[in-house]
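With mmCIF, C-alpha atoms inside, this is my_file08.cif:
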data_protein
#
loop_
_atom_site.label_atom_id
_atom_site.label_comp_id
_atom_site.auth_asym_id
_atom_site.auth_seq_id
_atom_site.Cartn_x
_atom_site.Cartn_y
_atom_site.Cartn_z
CA MET K 65 -7.75 24.26 3.23
CA THR K 66 -5.05 25.07 0.67
CA SER K 67 -3.77 22.13 -1.34
CA THR K 68 -0.05 21.91 -1.93
CA PRO K 69 1.10 19.72 -4.83
CA THR K 70 3.23 16.81 -3.64
CA ALA K 71 4.68 15.79 -7.01
CA ARG K 72 5.35 17.39 -10.36
CA PRO K 73 2.56 16.47 -12.77
CA GLU K 74 4.01 14.60 -15.75
CA THR K 75 2.92 15.46 -19.27
CA PRO K 76 1.12 12.76 -21.29
CA GLU K 77 4.26 12.19 -23.35
CA GLU K 78 6.39 11.78 -20.21
CA LEU K 79 3.93 9.33 -18.67
CA VAL K 80 3.95 7.09 -21.75
CA ALA K 81 7.74 7.31 -22.10
CA ASN K 82 8.18 6.44 -18.41
CA ALA K 83 5.93 3.41 -18.80
CA ARG K 84 7.77 2.13 -21.86
CA ALA K 85 11.12 2.56 -20.11
CA LEU K 86 10.00 0.12 -17.39
CA ALA K 87 9.69 -2.81 -19.82
CA PRO K 88 13.14 -4.37 -19.15
CA LEU K 89 12.63 -4.18 -15.37
CA LEU K 90 9.16 -5.71 -15.57
CA ARG K 91 10.21 -8.52 -17.88
CA ALA K 92 13.19 -9.36 -15.68
CA ALA K 93 10.89 -9.60 -12.65
CA ALA K 94 8.19 -11.69 -14.38
CA ASP K 95 8.84 -14.90 -12.45
CA GLU K 96 9.26 -13.07 -9.16
CA ILE K 97 5.94 -11.28 -9.68
CA ASP K 98 4.11 -14.55 -10.36
CA GLU K 99 5.73 -16.40 -7.46
CA ALA K 100 5.04 -13.59 -4.98
CA ARG K 101 1.40 -13.35 -6.10
CA GLN K 102 1.76 -9.60 -5.73
CA LEU K 103 3.99 -6.84 -7.07
CA PRO K 104 7.38 -6.88 -5.31
CA PRO K 105 8.35 -3.65 -3.50
CA HIS K 106 10.90 -2.59 -6.12
CA ILE K 107 8.27 -2.86 -8.87
CA VAL K 108 5.76 -0.87 -6.81
CA SER K 109 8.41 1.81 -6.28
CA ALA K 110 9.27 1.94 -9.98
CA LEU K 111 5.63 2.31 -10.98
CA ARG K 112 5.15 5.03 -8.37
CA ASP K 113 8.21 6.94 -9.54
CA ALA K 114 7.01 6.71 -13.16
CA GLY K 115 3.75 8.46 -12.24
CA CYS K 116 1.55 5.42 -12.87
CA PHE K 117 -0.30 5.64 -9.55
CA ARG K 118 -1.14 9.35 -9.77
CA MET K 119 -2.54 9.44 -13.30
CA SER K 120 -6.12 10.14 -12.16
CA MET K 121 -5.27 12.48 -9.29
CA PRO K 122 -5.89 16.23 -9.85
CA ARG K 123 -3.10 18.49 -10.99
CA THR K 124 -3.85 20.88 -8.12
CA TRP K 125 -2.75 18.12 -5.77
CA GLY K 126 0.34 17.24 -7.79
CA GLY K 127 -1.32 14.45 -9.74
CA CYS K 128 -1.25 14.04 -13.50
CA GLU K 129 -4.99 14.36 -14.27
CA ALA K 130 -4.20 12.40 -17.42
CA ASP K 131 -6.88 12.03 -20.06
CA PRO K 132 -8.30 8.50 -20.61
CA LEU K 133 -6.42 7.99 -23.89
CA THR K 134 -3.08 8.69 -22.19
CA GLN K 135 -4.00 6.40 -19.31
CA ASN K 136 -4.73 3.57 -21.74
CA ARG K 137 -1.42 4.09 -23.52
CA VAL K 138 0.42 3.89 -20.21
CA ILE K 139 -1.45 0.77 -19.12
CA GLU K 140 -0.93 -0.77 -22.55
CA ALA K 141 2.84 -0.24 -22.32
CA ILE K 142 3.04 -1.73 -18.81
CA SER K 143 0.77 -4.68 -19.71
CA ALA K 144 2.87 -5.60 -22.74
CA ALA K 145 5.74 -6.31 -20.34
CA SER K 146 3.70 -7.60 -17.39
CA GLY K 147 -0.01 -8.30 -17.37
CA SER K 148 -0.09 -8.31 -13.57
CA ALA K 149 1.63 -4.94 -13.30
CA GLY K 150 -0.59 -3.50 -16.02
CA TRP K 151 -3.69 -4.72 -14.22
CA CYS K 152 -2.53 -3.13 -10.96
CA VAL K 153 -1.81 0.18 -12.68
CA MET K 154 -5.24 0.10 -14.32
CA ILE K 155 -6.92 -0.57 -10.96
CA ALA K 156 -4.94 2.16 -9.19
CA ALA K 157 -5.83 4.72 -11.85
CA ALA K 158 -9.49 3.67 -11.91
CA ASN K 159 -9.96 3.78 -8.15
CA SER K 160 -8.25 7.15 -7.83
CA TYR K 161 -11.33 8.62 -9.52
CA PHE K 162 -13.22 7.90 -6.30
CA THR K 163 -11.48 10.78 -4.56
CA ALA K 164 -13.46 13.17 -6.79
CA PHE K 165 -16.72 12.02 -5.16
CA LEU K 166 -15.58 12.68 -1.59
CA ASP K 167 -15.83 16.06 0.08
CA GLN K 168 -12.69 17.66 -1.35
CA GLU K 169 -11.36 19.12 1.87
CA HIS K 170 -11.59 15.75 3.59
CA ALA K 171 -10.28 13.98 0.49
CA ARG K 172 -7.11 16.06 0.48
CA GLU K 173 -6.56 15.25 4.14
CA MET K 174 -7.03 11.55 3.40
CA PHE K 175 -4.61 11.65 0.46
CA PRO K 176 -1.63 13.86 1.23
CA ASP K 177 0.33 11.47 -1.01
CA VAL K 178 -1.11 11.46 -4.54
CA ASN K 179 0.62 8.12 -5.17
CA ALA K 180 -1.51 6.35 -2.55
CA VAL K 181 -3.28 3.36 -4.10
CA ILE K 182 -6.92 2.45 -3.40
CA ALA K 183 -8.13 -1.16 -3.58
CA ALA K 184 -11.85 -1.76 -4.07
CA ALA K 185 -14.53 -4.40 -4.50
CA PHE K 186 -18.20 -4.07 -5.38
CA VAL K 187 -19.92 -7.44 -4.98
CA PRO K 188 -21.34 -8.88 -2.90
CA PRO K 189 -22.06 -5.57 -1.13
CA ALA K 190 -21.20 -5.29 2.54
CA ARG K 191 -23.75 -4.15 5.12
CA ALA K 192 -23.60 -0.53 6.31
CA ASP K 193 -25.67 0.24 9.41
CA ILE K 194 -26.39 3.90 10.11
CA VAL K 195 -24.88 5.09 13.40
CA PRO K 196 -24.09 8.55 14.77
CA GLY K 197 -21.37 10.12 12.64
CA GLY K 198 -21.30 7.43 9.97
CA TYR K 199 -21.80 3.70 9.52
CA ARG K 200 -20.81 0.34 10.99
CA VAL K 201 -19.71 -1.75 8.02
CA THR K 202 -19.49 -5.54 7.92
CA GLY K 203 -18.80 -7.78 4.97
CA ARG K 204 -16.30 -9.79 2.99
CA LEU K 205 -15.58 -8.91 -0.64
CA PRO K 206 -13.32 -10.59 -3.23
CA PHE K 207 -11.01 -9.47 -6.04
CA ALA K 208 -9.41 -6.40 -4.43
CA SER K 209 -6.58 -6.10 -6.94
CA GLY K 210 -3.46 -4.36 -5.71
CA ILE K 211 -4.51 -4.51 -2.08
CA THR K 212 -1.02 -5.62 -1.03
CA HIS K 213 0.38 -2.19 -1.95
CA SER K 214 -2.73 -0.11 -1.18
CA ALA K 215 -3.18 2.58 1.46
CA TRP K 216 -7.00 2.60 1.38
CA VAL K 217 -9.71 0.01 0.73
CA THR K 218 -13.19 0.71 -0.64
CA ALA K 219 -16.21 -1.55 -0.20
CA ALA K 220 -19.58 -1.26 -1.86
CA THR K 221 -22.38 -1.48 0.69
CA HIS K 222 -26.15 -1.61 1.08
CA VAL K 223 -27.35 0.81 3.74
CA HIS K 224 -29.56 -0.25 6.68
CA ASP K 225 -31.35 2.14 9.03
CA ALA K 226 -31.26 2.23 12.83
CA SER K 227 -33.97 -0.44 13.02
CA GLY K 228 -31.98 -2.76 10.77
CA GLU K 229 -34.23 -2.29 7.74
CA LEU K 230 -32.73 -2.03 4.26
CA VAL K 231 -32.83 1.58 3.03
CA LEU K 232 -34.35 1.85 -0.45
CA GLY K 233 -33.63 4.41 -3.13
CA PRO K 234 -36.18 6.45 -5.08
CA LYS K 235 -36.79 3.60 -7.54
CA GLY K 236 -37.16 0.95 -4.85
CA GLN K 237 -33.64 -0.41 -5.21
CA PRO K 238 -31.30 -0.87 -2.21
CA GLN K 239 -29.40 2.31 -1.43
CA ARG K 240 -25.76 1.75 -2.36
CA LEU K 241 -22.89 3.56 -0.73
CA LEU K 242 -19.14 3.11 -1.06
CA ALA K 243 -17.20 3.08 2.19
CA MET K 244 -13.47 3.77 2.40
CA ALA K 245 -11.11 2.74 5.20
CA PRO K 246 -7.33 2.78 5.79
CA ILE K 247 -5.65 -0.51 4.96
CA ASP K 248 -4.58 -1.13 8.57
CA GLU K 249 -8.25 -1.16 9.69
CA VAL K 250 -9.22 -3.86 7.20
CA GLU K 251 -8.62 -7.62 7.32
CA VAL K 252 -6.85 -8.84 4.17
CA LEU K 253 -7.47 -12.52 3.42
CA ASP K 254 -4.84 -14.44 1.43
CA THR K 255 -7.01 -15.94 -1.32
CA TRP K 256 -5.37 -15.04 -4.64
CA ARG K 257 -4.12 -18.29 -6.21
CA THR K 258 -4.86 -18.28 -9.92
CA GLY K 259 -3.68 -19.27 -13.36
CA GLY K 260 -3.24 -15.76 -14.72
CA LEU K 261 -2.58 -12.25 -13.38
CA ARG K 262 -0.91 -14.09 -10.52
CA GLY K 263 1.02 -11.04 -9.37
CA SER K 264 -1.98 -8.72 -9.06
CA GLY K 265 -2.51 -9.52 -5.36
CA SER K 266 -6.29 -9.58 -5.85
CA HIS K 267 -7.12 -10.94 -2.41
CA ASP K 268 -10.40 -10.87 -0.49
CA PHE K 269 -10.84 -8.38 2.34
CA ALA K 270 -13.25 -7.94 5.22
CA PHE K 271 -14.74 -4.98 7.07
CA ASN K 272 -15.46 -6.40 10.53
CA ASP K 273 -18.04 -4.14 12.20
CA LEU K 274 -15.80 -1.24 11.22
CA PHE K 275 -16.85 2.34 11.92
CA VAL K 276 -16.61 4.45 8.76
CA PRO K 277 -17.28 8.19 9.18
CA HIS K 278 -19.61 9.98 6.76
CA GLU K 279 -16.72 11.85 5.18
CA HIS K 280 -15.13 8.54 4.10
CA THR K 281 -18.23 7.46 2.17
CA PHE K 282 -19.50 8.44 -1.26
CA SER K 283 -21.82 7.51 -4.11
CA LEU K 284 -21.14 7.36 -7.83
CA ASP K 285 -24.78 8.12 -8.61
CA GLY K 286 -24.44 11.89 -8.33
CA PRO K 287 -22.02 14.44 -9.81
CA SER K 288 -18.43 14.57 -8.65
CA LYS K 289 -17.26 17.28 -6.28
CA ARG K 290 -14.24 18.26 -8.34
CA PRO K 291 -14.11 20.42 -11.48
CA GLY K 292 -12.52 19.27 -14.70
CA ALA K 293 -13.45 17.11 -17.66
CA LEU K 294 -11.77 14.03 -16.17
CA TYR K 295 -14.24 14.05 -13.28
CA SER K 296 -17.38 15.05 -15.18
CA LEU K 297 -18.64 11.52 -15.91
CA SER K 298 -18.70 8.91 -13.14
CA SER K 299 -18.28 5.97 -15.52
CA LEU K 300 -14.88 7.26 -16.69
CA PHE K 301 -13.24 5.18 -13.98
CA LEU K 302 -14.03 2.13 -16.12
CA THR K 303 -12.54 3.43 -19.36
CA ASN K 304 -8.89 2.41 -18.85
CA HIS K 305 -9.72 -1.32 -18.81
CA PRO K 306 -8.89 -1.92 -22.49
CA GLY K 307 -5.26 -0.92 -22.00
CA VAL K 308 -4.66 -4.27 -20.29
CA PRO K 309 -5.81 -6.65 -23.06
CA LEU K 310 -4.36 -4.40 -25.76
CA GLY K 311 -1.00 -4.45 -23.99
CA ILE K 312 -1.04 -8.20 -23.39
CA GLY K 313 -1.95 -8.72 -27.05
CA ARG K 314 0.90 -6.49 -28.19
CA GLY K 315 3.33 -8.23 -25.85
CA ALA K 316 2.30 -11.65 -27.17
CA ILE K 317 2.87 -10.52 -30.76
CA ASP K 318 6.34 -9.19 -29.93
CA ASP K 319 7.32 -12.34 -28.04
CA PHE K 320 5.92 -14.61 -30.75
CA VAL K 321 7.97 -12.81 -33.42
CA ALA K 322 11.14 -13.06 -31.31
CA LEU K 323 10.53 -16.78 -30.76
CA VAL K 324 9.65 -17.73 -34.32
CA ARG K 325 12.46 -15.77 -35.95
CA GLU K 326 15.03 -17.93 -34.16
CA LYS K 327 13.21 -21.24 -33.88
CA PRO K 328 14.71 -23.98 -36.10
CA GLY K 329 12.58 -26.32 -38.17
CA ARG K 330 12.41 -29.89 -36.84
CA PHE K 331 10.34 -31.58 -39.51
CA GLY K 332 10.71 -29.17 -42.41
CA PRO K 333 11.33 -25.47 -43.02
CA PRO K 334 11.81 -23.19 -40.01
CA PRO K 335 8.56 -21.81 -38.56
CA ARG K 336 9.21 -18.31 -39.92
CA GLU K 337 8.87 -19.73 -43.44
CA GLN K 338 5.68 -21.70 -42.81
CA PRO K 339 2.48 -20.14 -44.23
CA SER K 340 0.38 -21.20 -41.24
CA ILE K 341 2.74 -19.40 -38.86
CA GLN K 342 2.78 -16.30 -41.04
CA ALA K 343 -1.02 -16.29 -41.25
CA ALA K 344 -1.41 -16.72 -37.49
CA LEU K 345 0.83 -13.70 -36.91
CA SER K 346 -1.06 -11.58 -39.44
CA ASN K 347 -4.42 -12.54 -37.96
CA ALA K 348 -3.22 -11.67 -34.46
CA VAL K 349 -1.96 -8.28 -35.60
CA VAL K 350 -5.31 -7.55 -37.28
CA LEU K 351 -7.26 -8.55 -34.18
CA VAL K 352 -5.19 -6.46 -31.78
CA GLN K 353 -4.76 -3.42 -33.99
CA SER K 354 -8.40 -3.25 -35.09
CA ALA K 355 -9.53 -3.57 -31.47
CA ARG K 356 -7.12 -0.80 -30.53
CA ALA K 357 -8.45 1.45 -33.29
CA PHE K 358 -12.03 0.98 -32.05
CA VAL K 359 -11.00 1.75 -28.45
CA PHE K 360 -9.15 4.95 -29.29
CA ASP K 361 -11.79 6.10 -31.78
CA ALA K 362 -14.68 5.56 -29.35
CA LEU K 363 -12.84 6.90 -26.32
CA GLY K 364 -11.43 9.82 -28.31
CA SER K 365 -14.91 10.87 -29.40
CA LEU K 366 -16.23 10.71 -25.83
CA TRP K 367 -13.26 12.62 -24.46
CA ASP K 368 -13.54 15.35 -27.09
CA SER K 369 -17.10 16.02 -25.98
CA LEU K 370 -16.21 16.03 -22.28
CA ALA K 371 -13.18 18.27 -22.80
CA ALA K 372 -15.35 20.72 -24.75
CA GLY K 373 -17.97 20.75 -22.00
CA CYS K 374 -20.58 19.19 -24.28
CA GLU K 375 -23.21 16.59 -23.47
CA THR K 376 -22.21 13.07 -24.43
CA THR K 377 -24.52 10.95 -26.55
CA THR K 378 -25.93 7.50 -25.93
CA GLU K 379 -24.01 6.26 -28.96
CA GLN K 380 -20.69 7.61 -27.68
CA ARG K 381 -21.09 5.97 -24.29
CA VAL K 382 -22.28 2.65 -25.70
CA HIS K 383 -19.44 2.58 -28.21
CA VAL K 384 -16.90 2.95 -25.39
CA ARG K 385 -18.36 -0.01 -23.50
CA LEU K 386 -18.53 -2.11 -26.67
CA ALA K 387 -14.93 -1.20 -27.49
CA ILE K 388 -13.83 -2.36 -24.03
CA VAL K 389 -15.47 -5.79 -24.25
CA HIS K 390 -14.38 -6.19 -27.87
CA ALA K 391 -10.76 -5.45 -26.91
CA HIS K 392 -10.90 -8.27 -24.38
CA ASP K 393 -12.49 -10.67 -26.87
CA ALA K 394 -10.23 -9.84 -29.80
CA CYS K 395 -6.98 -9.87 -27.84
CA ALA K 396 -7.85 -13.16 -26.16
CA ARG K 397 -8.39 -14.70 -29.60
CA ALA K 398 -5.14 -13.21 -30.88
CA VAL K 399 -3.08 -14.56 -27.99
CA GLN K 400 -4.73 -17.97 -28.26
CA GLN K 401 -3.84 -18.17 -31.97
CA LEU K 402 -0.22 -17.28 -31.28
CA TYR K 403 -0.01 -19.71 -28.38
CA HIS K 404 -1.29 -22.51 -30.60
CA ALA K 405 0.91 -21.53 -33.56
CA ALA K 406 4.06 -21.57 -31.42
CA GLY K 407 3.56 -25.27 -30.80
CA SER K 408 5.31 -27.07 -27.98
CA ALA K 409 7.43 -24.01 -27.20
CA SER K 410 4.34 -22.46 -25.57
CA VAL K 411 3.88 -25.06 -22.86
CA TYR K 412 7.16 -24.79 -20.96
CA THR K 413 7.52 -22.50 -17.98
CA PRO K 414 8.82 -19.92 -17.45
CA ASN K 415 7.57 -18.80 -20.83
CA ALA K 416 6.40 -15.36 -21.98
CA LEU K 417 3.74 -16.71 -24.33
CA ASP K 418 2.36 -18.98 -21.64
CA ARG K 419 2.17 -16.01 -19.26
CA HIS K 420 0.38 -13.84 -21.84
CA PHE K 421 -2.05 -16.70 -22.48
CA ARG K 422 -2.83 -17.14 -18.78
CA ASP K 423 -3.06 -13.40 -18.13
CA ILE K 424 -5.36 -12.54 -21.03
CA HIS K 425 -7.80 -15.34 -20.24
CA THR K 426 -7.93 -14.35 -16.57
CA ALA K 427 -8.51 -10.69 -17.48
CA ASP K 428 -11.20 -11.78 -19.92
CA GLN K 429 -13.20 -13.26 -17.02
CA HIS K 430 -13.81 -9.81 -15.53
CA VAL K 431 -17.44 -8.72 -15.52
CA ILE K 432 -16.65 -5.70 -17.71
CA ALA K 433 -15.72 -8.17 -20.48
CA SER K 434 -18.94 -10.17 -20.11
CA GLY K 435 -20.76 -11.06 -23.30
CA GLY K 436 -23.88 -9.57 -21.76
CA VAL K 437 -22.44 -6.13 -22.52
CA TYR K 438 -23.26 -6.68 -26.20
CA GLU K 439 -26.93 -7.27 -25.38
CA ILE K 440 -27.14 -4.28 -23.06
CA GLY K 441 -25.33 -2.08 -25.57
CA GLY K 442 -27.65 -3.08 -28.40
CA LYS K 443 -30.71 -2.41 -26.25
CA SER K 444 -29.37 1.03 -25.32
CA LEU K 445 -28.70 1.90 -28.96
CA LEU K 446 -32.29 0.93 -29.84
CA THR K 447 -34.01 2.59 -26.88
CA GLY K 448 -31.68 5.47 -26.07
CA VAL K 449 -31.75 4.43 -22.40
CA LEU K 450 -28.42 3.86 -20.66
CA PRO K 451 -27.99 1.63 -17.59
CA PRO K 452 -26.19 3.04 -14.53
CA LEU K 453 -22.45 3.76 -14.92
CA TRP K 454 -22.53 3.64 -18.72
#
Conversion result in C-alpha cells:
Amino acid sequence: MTSTPTARPETPEELVANARALAPLLRAAADEIDEARQLPPHIVSALRDAGCFRMSMPRTWGGCEADPLTQNRVIEAISAASGSAGWCVMIAAANSYFTAFLDQEHAREMFPDVNAVIAAAFVPPARADIVPGGYRVTGRLPFASGITHSAWVTAATHVHDASGELVLGPKGQPQRLLAMAPIDEVEVLDTWRTGGLRGSGSHDFAFNDLFVPHEHTFSLDGPSKRPGALYSLSSLFLTNHPGVPLGIGRGAIDDFVALVREKPGRFGPPPREQPSIQAALSNAVVLVQSARAFVFDALGSLWDSLAAGCETTTEQRVHVRLAIVHAHDACARAVQQLYHAAGSASVYTPNALDRHFRDIHTADQHVIASGGVYEIGGKSLLTGVLPPLW
C-alpha cells in the first residue's frame, strides 16, 4: 500500500521549541494532573499538537523520526514543567518504536494517525496460546503508563502450543512475543494511586482470552522491518528514559532558585545569603549537569555510529545504559538536597518542590534505574558480552 503522511514532520529545533513553549500550560495544570491521576484532555491535545506523540514515527508516515538526542531534549523540557507529562511523552515515544517490528503494511493500517499512543507492560508476561490465525491472550499486567489516552495496548507474553505446553526458544528460554490490541478490546483496571508521577495514568490492564491476530504480534529479538538509523537497534526504545530525571532535576533547580531568592530570613540572614543554601544549589547543579553531559556524550556516540551505518561497540551500548541509571541516581540526589535545603517550605502542598521530590523518587523506582545495571554493565565491559536489549 502507499503511505500518505498525516502530519508535517517537525524539525528537531521545532520539536524542542514546541516542548518548551508548553511549560506555562503544564505548570498551570499541575494540580489538575495530579488530582485526575491522568493527563487531562487539554494537556493530551497540547502534547499531540506539539508533535510529542509522533517523535518516533517514520517521516514517510508523517511522523518526526526524531533522533534520540532530540527526543531526550523534548522530554527534558516537558518533565521540567511536569514530571507526569514528561513520563507520558517518554512512554509514547518509546512504545512507538514497536511499530517498526510489525509487518509495515499492516502497521500502517493499524496506525493511520501517527499521533496514536501505545501503552505497554512487560512483566509478568501474559499467556499466549497458539490458535488458527494468531493467539488467545490472557493475563493482567501493571504499570501501563499513559493508557488513559492510548489507542493501542501491548502485552509481553509467553507462547504456549496447541497442547498447552510452553514453547521454548533456541536457548531453552520461554519464547516471548509482544501482542498488541486496540484499547477498546482491553480491560483497564483503575490501580494507579501513588506518591509521585500521579498524573501518568499508569494503570493495570488485562487481556481476557483475547484473540490477537499474527499481524498484531512482534518480537524485539530480531531486526526491525523498517529502514533508517532510528530503527536499526531494538534497544533504542529505552534510550529516552534519561530525559525524565534530567528534566525533573532542572525543574527543581529553577523552582528552588525562584523560592530562595524571595524567601525572607526568620532567624538570621535570608536563605539566599546562607552558605549552606548556596552550596546545596551548586551541588545540585553539578549533579544534574554532569549527569546530562554523560547522557548526551554516550548517546551521541551511539547515534553517530548508527547514523553512519557502522557497527556499535559493547562500550558504546554499556555507556548508554550506565548513563541512564546514573541520570536517575544523580537527579534524585540533587532534588533531595534541594528539598531538604528549602526547609519547611518544601512540605506544604501544592508545592513545586514537593512534586519534583515525589516524581523523581517514583521514576527512580523503575527497573531501568535499578542498581543492578551497574553490575551488569561492568560484567559486559569485562567480558564483551551484552545481555538482551542492551
Residues in the PyMOL selection byres ((chain K and resi 225) around 10), expressed as a compact mmCIF listing (two decimals) with C-alpha atoms, keeping the file's coordinate frame:
# COMPACT_ATOMS: atom_id res chain seq x y z
CA ALA K 192 -23.60 -0.53 6.31
CA ASP K 193 -25.67 0.24 9.41
CA ILE K 194 -26.39 3.90 10.11
CA VAL K 195 -24.88 5.09 13.40
CA TYR K 199 -21.80 3.70 9.52
CA VAL K 223 -27.35 0.81 3.74
CA HIS K 224 -29.56 -0.25 6.68
CA ALA K 226 -31.26 2.23 12.83
CA SER K 227 -33.97 -0.44 13.02
CA GLY K 228 -31.98 -2.76 10.77
CA GLU K 229 -34.23 -2.29 7.74
CA LEU K 230 -32.73 -2.03 4.26
CA VAL K 231 -32.83 1.58 3.03
CA LEU K 232 -34.35 1.85 -0.45
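The protein and nucleic acid residues lying at most 8 Å from Glu251 in chain K are Asp248, Glu249, Leu253, Phe269, Ala270, Phe271 and Asn272 of chain K, with only C-alpha atoms considered and sequence neighbours fewer than 2 positions away removed.
The two atoms in question, CA of Asp273 in chain K and CA of Arg200 in chain K, are spaced 5.4 Å apart.
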Can you spell out as a ChimeraX atom specification the set of residues that the PyMOL selection byres ((chain K and resi 400) around 12) selects in the structure I just provided? /K:312-313,316-317,320,344-345,347-348,351,393-399,401-407,410,417-425
Scan for residues within 12 Å of the point (-8.4, 2.1, -10.5) in the coordinates of the file, using only C-alpha atoms, and reply as an MDAnalysis selection string. chainID K and resid 116:121 132 135:136 139 150:163 180:185 208:211 214 216:218 299:305
Can you tell me which residues surround Gln168 in chain K at a distance of at most 12 Å, considering all atoms listed in the file, apart from same-chain residues fewer than 6 positions away, and format the answer as a PyMOL selection string? chain K and resi 65-67+122+124-125+162+174-176+279-280+282+288-291
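The nearest approach to Gly373 in chain K among the residues K:Val437, K:Leu205, K:Ala100, K:Leu297, with all atoms listed in the file taken into account, belongs to K:Leu297.
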Smallest atom-to-atom distance to Leu133 in chain K: which of K:Asn415, K:Gln380, K:Ser365, K:Gln338, using only C-alpha atoms? K:Ser365
What do you get, as a PyMOL selection string, if you spell out every residue that the PyMOL selection byres ((chain K and resi 364) around 12) selects here? chain K and resi 131-134+136+303+356-363+365-371+376+380-381+383-384+387
For CA of Pro309 in chain K and CA of His392 in chain K, determine how far apart the two atoms are, in Å to one decimal place. 5.5 Å
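In terms of minimum interatomic distance to Thr281 in chain K, K:Thr221 ranks closest within K:Thr221, K:Ser109, K:Ser298, K:Gln102, counting all atoms listed in the file.
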Answer as a ChimeraX atom specification, residues within 10 Å of (11.8, 3.8, -12.7) using only C-alpha atoms: /K:82-83,85-87,89,106-115
Among K:Val321, K:Ala145, K:Leu242, K:Ala215, Asp285 in chain K is approached most closely, using all atoms listed in the file, by K:Leu242
Name all residues at most 8 Å from Val80 in chain K (count only C-alpha atoms; drop same-chain ones fewer than 2 positions away) and give them as a ChimeraX atom specification. /K:76-78,82-84,134,137-138,141
Residues of the last selection are to be written out with C-alpha atoms, as a compact mmCIF listing (two decimals), in the coordinates of the input.
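Generated output (part_22.txt):
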# COMPACT_ATOMS: atom_id res chain seq x y z
CA PRO K 76 1.12 12.76 -21.29
CA GLU K 77 4.26 12.19 -23.35
CA GLU K 78 6.39 11.78 -20.21
CA ASN K 82 8.18 6.44 -18.41
CA ALA K 83 5.93 3.41 -18.80
CA ARG K 84 7.77 2.13 -21.86
CA THR K 134 -3.08 8.69 -22.19
CA ARG K 137 -1.42 4.09 -23.52
CA VAL K 138 0.42 3.89 -20.21
CA ALA K 141 2.84 -0.24 -22.32
Coordinates-based distance that separates CA of Thr212 in chain K from CA of Ala171 in chain K (Å, one decimal): 21.7 Å
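Of the residues listed (K:Glu140, K:Ile432, K:Val411, K:Gly127), K:Ile432 shows the shortest atom-to-atom separation from Ile388 in chain K; distances use all atoms listed in the file.
Between Tyr295 in chain K and the candidates K:Val431, K:Val252, K:Leu166, K:Ala343, the tightest atom-to-atom separation, counting only C-alpha atoms, involves K:Leu166.
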